[in-house]
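**Q** I'm passing along input.txt; it holds compact mmCIF, C-alpha atoms.
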# COMPACT_ATOMS: atom_id res chain seq x y z
CA MET A 75 177.11 116.98 81.10
CA PRO A 76 174.73 117.01 84.09
CA ASN A 77 172.34 114.17 84.83
CA ASP A 78 170.92 115.66 88.04
CA GLY A 79 171.99 112.70 90.14
CA VAL A 80 170.32 110.03 88.04
CA PRO A 81 172.34 106.85 88.59
CA ARG A 82 174.46 105.89 85.59
CA GLU A 83 173.14 102.31 85.89
CA LEU A 84 169.60 103.60 85.29
CA LEU A 85 170.69 105.66 82.29
CA ARG A 86 172.44 102.62 80.81
CA ARG A 87 169.35 100.46 81.40
CA ILE A 88 167.01 102.68 79.34
CA ARG A 89 165.99 100.86 76.13
CA LEU A 90 162.87 102.87 75.22
CA VAL A 91 162.35 106.63 75.11
CA VAL A 92 158.79 107.90 74.67
CA LEU A 93 158.20 111.58 73.95
CA ASP A 94 155.24 113.90 74.25
CA VAL A 95 155.07 116.32 71.31
CA ASP A 96 153.60 119.76 72.04
CA GLY A 97 155.72 121.36 74.74
CA THR A 98 158.43 118.69 74.49
CA MET A 99 159.45 118.04 70.86
CA THR A 100 158.05 121.48 69.95
CA ASP A 101 157.93 124.73 71.91
CA GLY A 102 154.21 124.16 72.45
CA ARG A 103 153.02 126.95 70.18
CA LEU A 104 150.57 126.13 67.38
CA TYR A 105 150.60 128.05 64.12
CA TYR A 106 147.62 128.13 61.74
CA GLY A 107 147.65 129.26 58.12
CA ALA A 108 144.89 131.17 56.33
CA GLN A 109 143.32 127.91 55.12
CA GLY A 110 143.32 126.42 58.63
CA GLU A 111 146.45 124.34 58.05
CA ALA A 112 148.52 123.73 61.18
CA PHE A 113 152.28 124.21 61.47
CA LYS A 114 154.75 123.03 64.12
CA ALA A 115 158.46 123.72 64.43
CA PHE A 116 160.77 120.83 65.31
CA ASP A 117 164.40 121.36 66.32
CA VAL A 118 166.82 119.68 63.89
CA ARG A 119 169.36 119.00 66.67
CA ASP A 120 166.70 117.25 68.74
CA GLY A 121 166.05 115.07 65.70
CA HIS A 122 169.73 114.37 65.17
CA GLY A 123 170.09 113.42 68.83
CA LEU A 124 167.21 110.96 68.47
CA ARG A 125 168.81 109.34 65.41
CA LEU A 126 172.13 109.05 67.26
CA LEU A 127 170.34 107.49 70.23
CA GLN A 128 168.82 104.87 67.92
CA LEU A 129 172.02 104.18 66.00
CA TYR A 130 174.59 104.19 68.80
CA GLY A 131 172.52 103.58 71.93
CA GLY A 132 170.25 100.87 70.56
CA VAL A 133 167.28 102.70 72.06
CA LYS A 134 163.76 102.29 70.70
CA LEU A 135 161.72 105.47 70.25
CA ALA A 136 158.00 106.20 70.42
CA VAL A 137 155.81 109.31 70.48
CA LEU A 138 152.71 109.81 72.62
CA THR A 139 150.56 112.87 71.99
CA GLY A 140 147.12 114.04 73.04
CA ARG A 141 146.52 115.75 69.68
CA ARG A 142 146.00 114.38 66.18
CA ALA A 143 149.28 113.04 64.96
CA ASP A 144 149.28 113.89 61.20
CA LEU A 145 152.12 116.44 61.34
CA VAL A 146 153.89 114.42 63.99
CA GLU A 147 153.78 111.25 61.88
CA GLN A 148 155.54 113.07 59.04
CA ARG A 149 158.36 114.17 61.35
CA CYS A 150 158.57 110.72 62.92
CA ARG A 151 158.92 109.09 59.49
CA GLU A 152 161.94 111.33 58.87
CA LEU A 153 163.43 110.14 62.18
CA SER A 154 162.56 106.44 61.70
CA ILE A 155 160.19 106.49 64.67
CA ASP A 156 157.55 103.92 63.81
CA HIS A 157 155.50 103.90 66.99
CA VAL A 158 153.29 107.01 67.15
CA VAL A 159 150.21 107.17 69.38
CA GLY A 160 147.98 110.20 68.81
CA GLN A 161 144.80 111.56 70.38
CA SER A 162 145.63 109.87 73.66
CA ARG A 163 143.88 111.29 76.69
CA ALA A 164 144.84 108.42 79.03
CA LYS A 165 148.61 108.63 78.82
CA GLY A 166 149.26 106.30 81.76
CA ALA A 167 147.50 103.41 80.06
CA ALA A 168 148.95 104.41 76.70
CA ILE A 169 152.56 104.24 77.90
CA GLU A 170 151.91 100.77 79.33
CA ARG A 171 150.61 99.65 75.91
CA ILE A 172 153.56 101.21 74.07
CA ALA A 173 156.07 99.47 76.34
CA ALA A 174 154.23 96.16 75.94
CA ASP A 175 153.97 96.54 72.15
CA LEU A 176 157.72 97.22 71.92
CA ALA A 177 158.57 94.47 74.45
CA VAL A 178 160.42 96.82 76.81
CA PRO A 179 159.51 96.88 80.50
CA LEU A 180 158.58 100.21 82.09
CA ALA A 181 161.65 99.71 84.34
CA GLU A 182 163.73 100.30 81.17
CA THR A 183 161.64 103.15 79.79
CA ALA A 184 162.01 106.95 79.86
CA PHE A 185 159.24 109.42 79.14
CA MET A 186 159.58 113.18 78.59
CA GLY A 187 156.49 115.32 79.05
CA ASP A 188 155.69 118.88 80.00
CA ASP A 189 152.17 119.26 81.35
CA VAL A 190 149.76 117.79 83.88
CA ASN A 191 148.19 115.42 81.33
CA ASP A 192 151.62 113.74 81.09
CA LEU A 193 151.84 113.01 84.83
CA PRO A 194 150.14 109.57 84.69
CA ALA A 195 152.75 108.38 82.14
CA LEU A 196 155.63 110.09 83.94
CA ARG A 197 154.69 108.27 87.16
CA LYS A 198 154.90 104.84 85.50
CA VAL A 199 158.38 104.92 83.94
CA ALA A 200 161.85 104.41 85.41
CA LEU A 201 163.15 107.75 84.11
CA SER A 202 160.66 110.62 84.09
CA CYS A 203 161.95 113.69 82.25
CA ALA A 204 160.84 117.23 81.44
CA PRO A 205 162.05 120.28 79.53
CA ALA A 206 163.22 123.25 81.61
CA ASP A 207 160.00 125.16 80.87
CA ALA A 208 157.54 122.40 81.77
CA ALA A 209 154.59 123.08 84.08
CA ASP A 210 155.55 123.47 87.73
CA GLU A 211 153.51 120.39 88.69
CA VAL A 212 155.63 118.32 86.32
CA LEU A 213 158.94 119.86 87.38
CA ARG A 214 158.17 118.94 91.00
CA GLU A 215 157.68 115.25 90.16
CA VAL A 216 160.13 114.25 87.44
CA ARG A 217 163.48 112.61 88.07
CA TRP A 218 165.45 114.51 85.39
CA ILE A 219 164.97 118.09 84.13
CA SER A 220 166.70 119.40 81.02
CA LEU A 221 168.52 122.69 81.23
CA ARG A 222 167.03 123.54 77.83
CA PRO A 223 163.45 124.49 76.90
CA ALA A 224 160.96 122.47 74.90
CA GLY A 225 161.51 122.41 71.15
CA ARG A 226 164.91 124.07 71.67
CA GLY A 227 167.24 121.30 72.75
CA ALA A 228 165.55 119.54 75.68
CA VAL A 229 165.17 116.31 73.72
CA ARG A 230 168.74 116.58 72.41
CA GLU A 231 170.07 116.99 75.96
CA LEU A 232 168.24 113.84 77.07
CA CYS A 233 169.77 111.95 74.13
CA GLU A 234 173.25 113.22 75.04
CA VAL A 235 172.86 112.20 78.70
CA LEU A 236 171.69 108.70 77.74
CA LEU A 237 174.43 108.24 75.13
CA ALA A 238 177.09 109.54 77.53
CA ALA A 239 176.14 106.74 79.93
CA LYS A 240 175.84 104.07 77.24
CA THR A 241 178.65 104.72 74.75
CA GLY A 242 180.12 108.11 75.51
CA TRP A 243 179.36 111.53 74.11
CA PRO A 244 179.86 112.41 71.35
CA PRO A 245 179.37 108.97 69.82
CA PRO A 246 182.25 107.49 67.85
CA GLU A 247 182.52 108.49 64.23
CA PRO A 248 181.31 105.67 62.02
CA GLU A 249 183.72 103.94 59.70
CA PRO A 250 183.62 105.59 56.28
CA LEU A 251 181.96 103.49 53.64
CA PRO A 252 184.21 102.31 50.79
CA ALA A 253 183.95 104.32 47.58
CA GLY A 254 181.73 102.90 44.88
The structure in this file should be written as structure tokens.
**A**
Amino acid sequence: MPNDGVPRELLRRIRLVVLDVDGTMTDGRLYYGAQGEAFKAFDVRDGHGLRLLQLYGGVKLAVLTGRRADLVEQRCRELSIDHVVGQSRAKGAAIERIAADLAVPLAETAFMGDDVNDLPALRKVALSCAPADAADEVLREVRWISLRPAGRGAVRELCEVLLAAKTGWPPPEPEPLPAG
């Protein structure tokens, strides 16, 4: 599993992963129904990777998006991600607040984003990450680039790389619970 030369010590040190939504957790496309309702598609394997990262890697998770977070909050509830910041235009300042709120230094934080509005946050963290199909400006600056596109496994790959450094991939099978 490639990590593009990111030192294993850095991967092990990461205790907080913050994710952009559109173009990172989703493929960036927006769907609207006849009544104006919005739809987004989230990859189930990305979600499973995030749960495994929480359970086996002891990593805290947060979401930082420039759009309204209603749909995102629903998905985050399913994934036990409690820290969701929506409608954020100043992502550099926002990631500093998230890290402070969760008591994790930026030196132990990763952020995955895909577009130029994510650059201020990407520049502040220890591990800046992007999906394979991120904007060229982002791809030129980040430390780690997924081989997979946004909304189609990029987040899962990041989870696998972090868990491989922390506990091994795949994570150990949990002990079965006793019957009854």
**Q** Work out how far CA of Arg87 (chain A) is from CA of Ile169 (chain A), in Å to one decimal.
**A**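 CA of Ile169 (chain A) sits 17.6 Å away from CA of Arg87 (chain A).
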**Q** List the neighbours of Cys150 (chain A) out to 12 Å using only C-alpha atoms; skip same-chain residues closer than 4 positions along the sequence, and give me the result as a list in words.
**A**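 Listed by chain and then number, they are Leu93, Val95, Met99, Phe116, Asp120, Gly121, His122, Leu124, Arg125, Leu135, Ala136, Val137, Leu138, Ala143, Asp144, Leu145, Val146, Ser154, Ile155, Asp156, His157, Val158 and Val159 of chain A.
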**Q** Okay, now the selection with C-alpha atoms, as a PDB file, keeping the file's coordinate frame?
**A**
ATOM      1  CA  LEU A  93     158.200 111.580  73.950  1.00  0.00           C
ATOM      2  CA  VAL A  95     155.070 116.320  71.310  1.00  0.00           C
ATOM      3  CA  MET A  99     159.450 118.040  70.860  1.00  0.00           C
ATOM      4  CA  PHE A 116     160.770 120.830  65.310  1.00  0.00           C
ATOM      5  CA  ASP A 120     166.700 117.250  68.740  1.00  0.00           C
ATOM      6  CA  GLY A 121     166.050 115.070  65.700  1.00  0.00           C
ATOM      7  CA  HIS A 122     169.730 114.370  65.170  1.00  0.00           C
ATOM      8  CA  LEU A 124     167.210 110.960  68.470  1.00  0.00           C
ATOM      9  CA  ARG A 125     168.810 109.340  65.410  1.00  0.00           C
ATOM     10  CA  LEU A 135     161.720 105.470  70.250  1.00  0.00           C
ATOM     11  CA  ALA A 136     158.000 106.200  70.420  1.00  0.00           C
ATOM     12  CA  VAL A 137     155.810 109.310  70.480  1.00  0.00           C
ATOM     13  CA  LEU A 138     152.710 109.810  72.620  1.00  0.00           C
ATOM     14  CA  ALA A 143     149.280 113.040  64.960  1.00  0.00           C
ATOM     15  CA  ASP A 144     149.280 113.890  61.200  1.00  0.00           C
ATOM     16  CA  LEU A 145     152.120 116.440  61.340  1.00  0.00           C
ATOM     17  CA  VAL A 146     153.890 114.420  63.990  1.00  0.00           C
ATOM     18  CA  SER A 154     162.560 106.440  61.700  1.00  0.00           C
ATOM     19  CA  ILE A 155     160.190 106.490  64.670  1.00  0.00           C
ATOM     20  CA  ASP A 156     157.550 103.920  63.810  1.00  0.00           C
ATOM     21  CA  HIS A 157     155.500 103.900  66.990  1.00  0.00           C
ATOM     22  CA  VAL A 158     153.290 107.010  67.150  1.00  0.00           C
ATOM     23  CA  VAL A 159     150.210 107.170  69.380  1.00  0.00           C
TER      24      VAL A 159
END
**Q** Excluding region 222-235 of chain A and residues on its chain fewer than 6 positions from it, collect all residues at most 10 Å away from it, counting only C-alpha atoms, and give them as an mmCIF file with C-alpha atoms, in the frame of the given file.
**A**
data_model
loop_
_atom_site.group_PDB
_atom_site.id
_atom_site.type_symbol
_atom_site.label_atom_id
_atom_site.label_comp_id
_atom_site.auth_asym_id
_atom_site.auth_seq_id
_atom_site.Cartn_x
_atom_site.Cartn_y
_atom_site.Cartn_z
ATOM 1 C CA MET A 75 177.110 116.980 81.100
ATOM 2 C CA PRO A 76 174.730 117.010 84.090
ATOM 3 C CA ASN A 77 172.340 114.170 84.830
ATOM 4 C CA VAL A 80 170.320 110.030 88.040
ATOM 5 C CA ARG A 82 174.460 105.890 85.590
ATOM 6 C CA LEU A 85 170.690 105.660 82.290
ATOM 7 C CA ARG A 86 172.440 102.620 80.810
ATOM 8 C CA VAL A 91 162.350 106.630 75.110
ATOM 9 C CA LEU A 93 158.200 111.580 73.950
ATOM 10 C CA VAL A 95 155.070 116.320 71.310
ATOM 11 C CA ASP A 96 153.600 119.760 72.040
ATOM 12 C CA GLY A 97 155.720 121.360 74.740
ATOM 13 C CA THR A 98 158.430 118.690 74.490
ATOM 14 C CA MET A 99 159.450 118.040 70.860
ATOM 15 C CA THR A 100 158.050 121.480 69.950
ATOM 16 C CA ASP A 101 157.930 124.730 71.910
ATOM 17 C CA GLY A 102 154.210 124.160 72.450
ATOM 18 C CA ARG A 103 153.020 126.950 70.180
ATOM 19 C CA LYS A 114 154.750 123.030 64.120
ATOM 20 C CA ALA A 115 158.460 123.720 64.430
ATOM 21 C CA PHE A 116 160.770 120.830 65.310
ATOM 22 C CA ASP A 117 164.400 121.360 66.320
ATOM 23 C CA VAL A 118 166.820 119.680 63.890
ATOM 24 C CA ARG A 119 169.360 119.000 66.670
ATOM 25 C CA ASP A 120 166.700 117.250 68.740
ATOM 26 C CA GLY A 121 166.050 115.070 65.700
ATOM 27 C CA HIS A 122 169.730 114.370 65.170
ATOM 28 C CA GLY A 123 170.090 113.420 68.830
ATOM 29 C CA LEU A 124 167.210 110.960 68.470
ATOM 30 C CA ARG A 125 168.810 109.340 65.410
ATOM 31 C CA LEU A 126 172.130 109.050 67.260
ATOM 32 C CA LEU A 127 170.340 107.490 70.230
ATOM 33 C CA GLN A 128 168.820 104.870 67.920
ATOM 34 C CA GLY A 131 172.520 103.580 71.930
ATOM 35 C CA VAL A 133 167.280 102.700 72.060
ATOM 36 C CA ALA A 184 162.010 106.950 79.860
ATOM 37 C CA MET A 186 159.580 113.180 78.590
ATOM 38 C CA GLY A 187 156.490 115.320 79.050
ATOM 39 C CA ASP A 188 155.690 118.880 80.000
ATOM 40 C CA CYS A 203 161.950 113.690 82.250
ATOM 41 C CA ALA A 204 160.840 117.230 81.440
ATOM 42 C CA PRO A 205 162.050 120.280 79.530
ATOM 43 C CA ALA A 206 163.220 123.250 81.610
ATOM 44 C CA ASP A 207 160.000 125.160 80.870
ATOM 45 C CA ALA A 208 157.540 122.400 81.770
ATOM 46 C CA GLY A 242 180.120 108.110 75.510
ATOM 47 C CA TRP A 243 179.360 111.530 74.110
ATOM 48 C CA PRO A 244 179.860 112.410 71.350
ATOM 49 C CA PRO A 245 179.370 108.970 69.820
#
**Q** Name the residues, using the chain letters and numbers of the file, that sit within 9 Å of (158.8, 106.2, 79.9) when counting all atoms listed in the file, and give them as a list of chain:residue names.
**A**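 Those residues lying close to the given coordinates are A:Ile88, A:Leu90, A:Val91, A:Val92, A:Leu93, A:Ile169, A:Glu170, A:Ala173, A:Leu180, A:Ala181, A:Glu182, A:Thr183, A:Ala184, A:Phe185, A:Met186, A:Ala195, A:Leu196, A:Arg197, A:Lys198, A:Val199, A:Ala200, A:Leu201, A:Ser202, A:Cys203.
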**Q** Using C-alpha atoms, can you export the residues from the last selection as a compact mmCIF listing (two decimals), in the coordinates of the input?
**A**
# COMPACT_ATOMS: atom_id res chain seq x y z
CA ILE A 88 167.01 102.68 79.34
CA LEU A 90 162.87 102.87 75.22
CA VAL A 91 162.35 106.63 75.11
CA VAL A 92 158.79 107.90 74.67
CA LEU A 93 158.20 111.58 73.95
CA ILE A 169 152.56 104.24 77.90
CA GLU A 170 151.91 100.77 79.33
CA ALA A 173 156.07 99.47 76.34
CA LEU A 180 158.58 100.21 82.09
CA ALA A 181 161.65 99.71 84.34
CA GLU A 182 163.73 100.30 81.17
CA THR A 183 161.64 103.15 79.79
CA ALA A 184 162.01 106.95 79.86
CA PHE A 185 159.24 109.42 79.14
CA MET A 186 159.58 113.18 78.59
CA ALA A 195 152.75 108.38 82.14
CA LEU A 196 155.63 110.09 83.94
CA ARG A 197 154.69 108.27 87.16
CA LYS A 198 154.90 104.84 85.50
CA VAL A 199 158.38 104.92 83.94
CA ALA A 200 161.85 104.41 85.41
CA LEU A 201 163.15 107.75 84.11
CA SER A 202 160.66 110.62 84.09
CA CYS A 203 161.95 113.69 82.25
**Q** What gap, in Å, lies between CA of Gly166 (chain A) and CA of Pro194 (chain A)?
**A** 4.5 Å
**Q** If you measure from CA of Ile172 (chain A) to CA of Ile219 (chain A), what distance in Å do you get, rounded to one decimal?
**A**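 Interatomic distance, CA of Ile172 (chain A) to CA of Ile219 (chain A): 22.7 Å.
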**Q** So which one's closest to Pro246 (chain A), A:Ala209, A:Leu84, A:Leu129, A:Leu193? Using all atoms listed in the file, please.
**A**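 Looking at the shortest contact to Pro246 (chain A), the residue is A:Leu129.
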**Q** Around all listed atoms of region 122-135 of chain A, padded 3 Å per side, what centre and edge lengths does the axis-aligned box have in Å to one decimal, as AutoDock Vina command-line options?
**A**
--center_x 168.2 --center_y 107.6 --center_z 68.6 --size_x 18.9 --size_y 19.5 --size_z 12.9
**Q** Dump region 89-108 of chain A with N, CA and C atoms to a file, as a tab-separated table (two decimals), in the first residue's frame.
**A**
chain	number	residue	atom	x	y	z
A	89	ARG	N	-3.63	11.97	14.85
A	89	ARG	CA	-4.71	11.68	15.80
A	89	ARG	C	-6.03	12.32	15.41
A	90	LEU	N	-6.00	13.17	14.37
A	90	LEU	CA	-7.21	13.83	13.89
A	90	LEU	C	-7.18	13.87	12.38
A	91	VAL	N	-8.27	13.43	11.75
A	91	VAL	CA	-8.44	13.54	10.31
A	91	VAL	C	-9.66	14.42	10.06
A	92	VAL	N	-9.44	15.48	9.29
A	92	VAL	CA	-10.51	16.41	8.92
A	92	VAL	C	-10.71	16.27	7.42
A	93	LEU	N	-11.97	16.20	7.00
A	93	LEU	CA	-12.29	15.98	5.59
A	93	LEU	C	-13.17	17.09	5.03
A	94	ASP	N	-12.83	17.54	3.84
A	94	ASP	CA	-13.74	18.35	3.03
A	94	ASP	C	-14.83	17.38	2.55
A	95	VAL	N	-15.92	17.90	2.05
A	95	VAL	CA	-17.01	17.02	1.61
A	95	VAL	C	-17.09	16.93	0.09
A	96	ASP	N	-17.57	17.99	-0.56
A	96	ASP	CA	-17.78	17.95	-2.01
A	96	ASP	C	-16.44	17.89	-2.72
A	97	GLY	N	-16.22	16.82	-3.46
A	97	GLY	CA	-14.96	16.61	-4.15
A	97	GLY	C	-13.94	15.84	-3.33
A	98	THR	N	-14.35	15.39	-2.15
A	98	THR	CA	-13.48	14.56	-1.30
A	98	THR	C	-14.28	13.35	-0.81
A	99	MET	N	-15.28	13.60	0.06
A	99	MET	CA	-16.15	12.51	0.51
A	99	MET	C	-17.17	12.14	-0.56
A	100	THR	N	-17.46	13.08	-1.47
A	100	THR	CA	-18.35	12.81	-2.61
A	100	THR	C	-17.56	13.08	-3.88
A	101	ASP	N	-18.16	12.72	-5.01
A	101	ASP	CA	-17.46	12.96	-6.29
A	101	ASP	C	-17.55	14.41	-6.74
A	102	GLY	N	-18.20	15.25	-5.95
A	102	GLY	CA	-18.27	16.67	-6.25
A	102	GLY	C	-19.48	17.07	-7.06
A	103	ARG	N	-20.23	16.09	-7.56
A	103	ARG	CA	-21.43	16.44	-8.32
A	103	ARG	C	-22.59	16.67	-7.36
A	104	LEU	N	-23.47	17.61	-7.71
A	104	LEU	CA	-24.66	17.90	-6.92
A	104	LEU	C	-25.88	17.50	-7.74
A	105	TYR	N	-26.80	16.81	-7.10
A	105	TYR	CA	-28.02	16.37	-7.75
A	105	TYR	C	-29.19	17.10	-7.09
A	106	TYR	N	-30.15	17.59	-7.91
A	106	TYR	CA	-31.31	18.27	-7.37
A	106	TYR	C	-32.57	17.60	-7.89
A	107	GLY	N	-33.52	17.36	-6.97
A	107	GLY	CA	-34.80	16.79	-7.35
A	107	GLY	C	-35.75	17.85	-7.84
A	108	ALA	N	-36.93	17.43	-8.30
A	108	ALA	CA	-37.92	18.34	-8.87
A	108	ALA	C	-38.39	19.39	-7.86
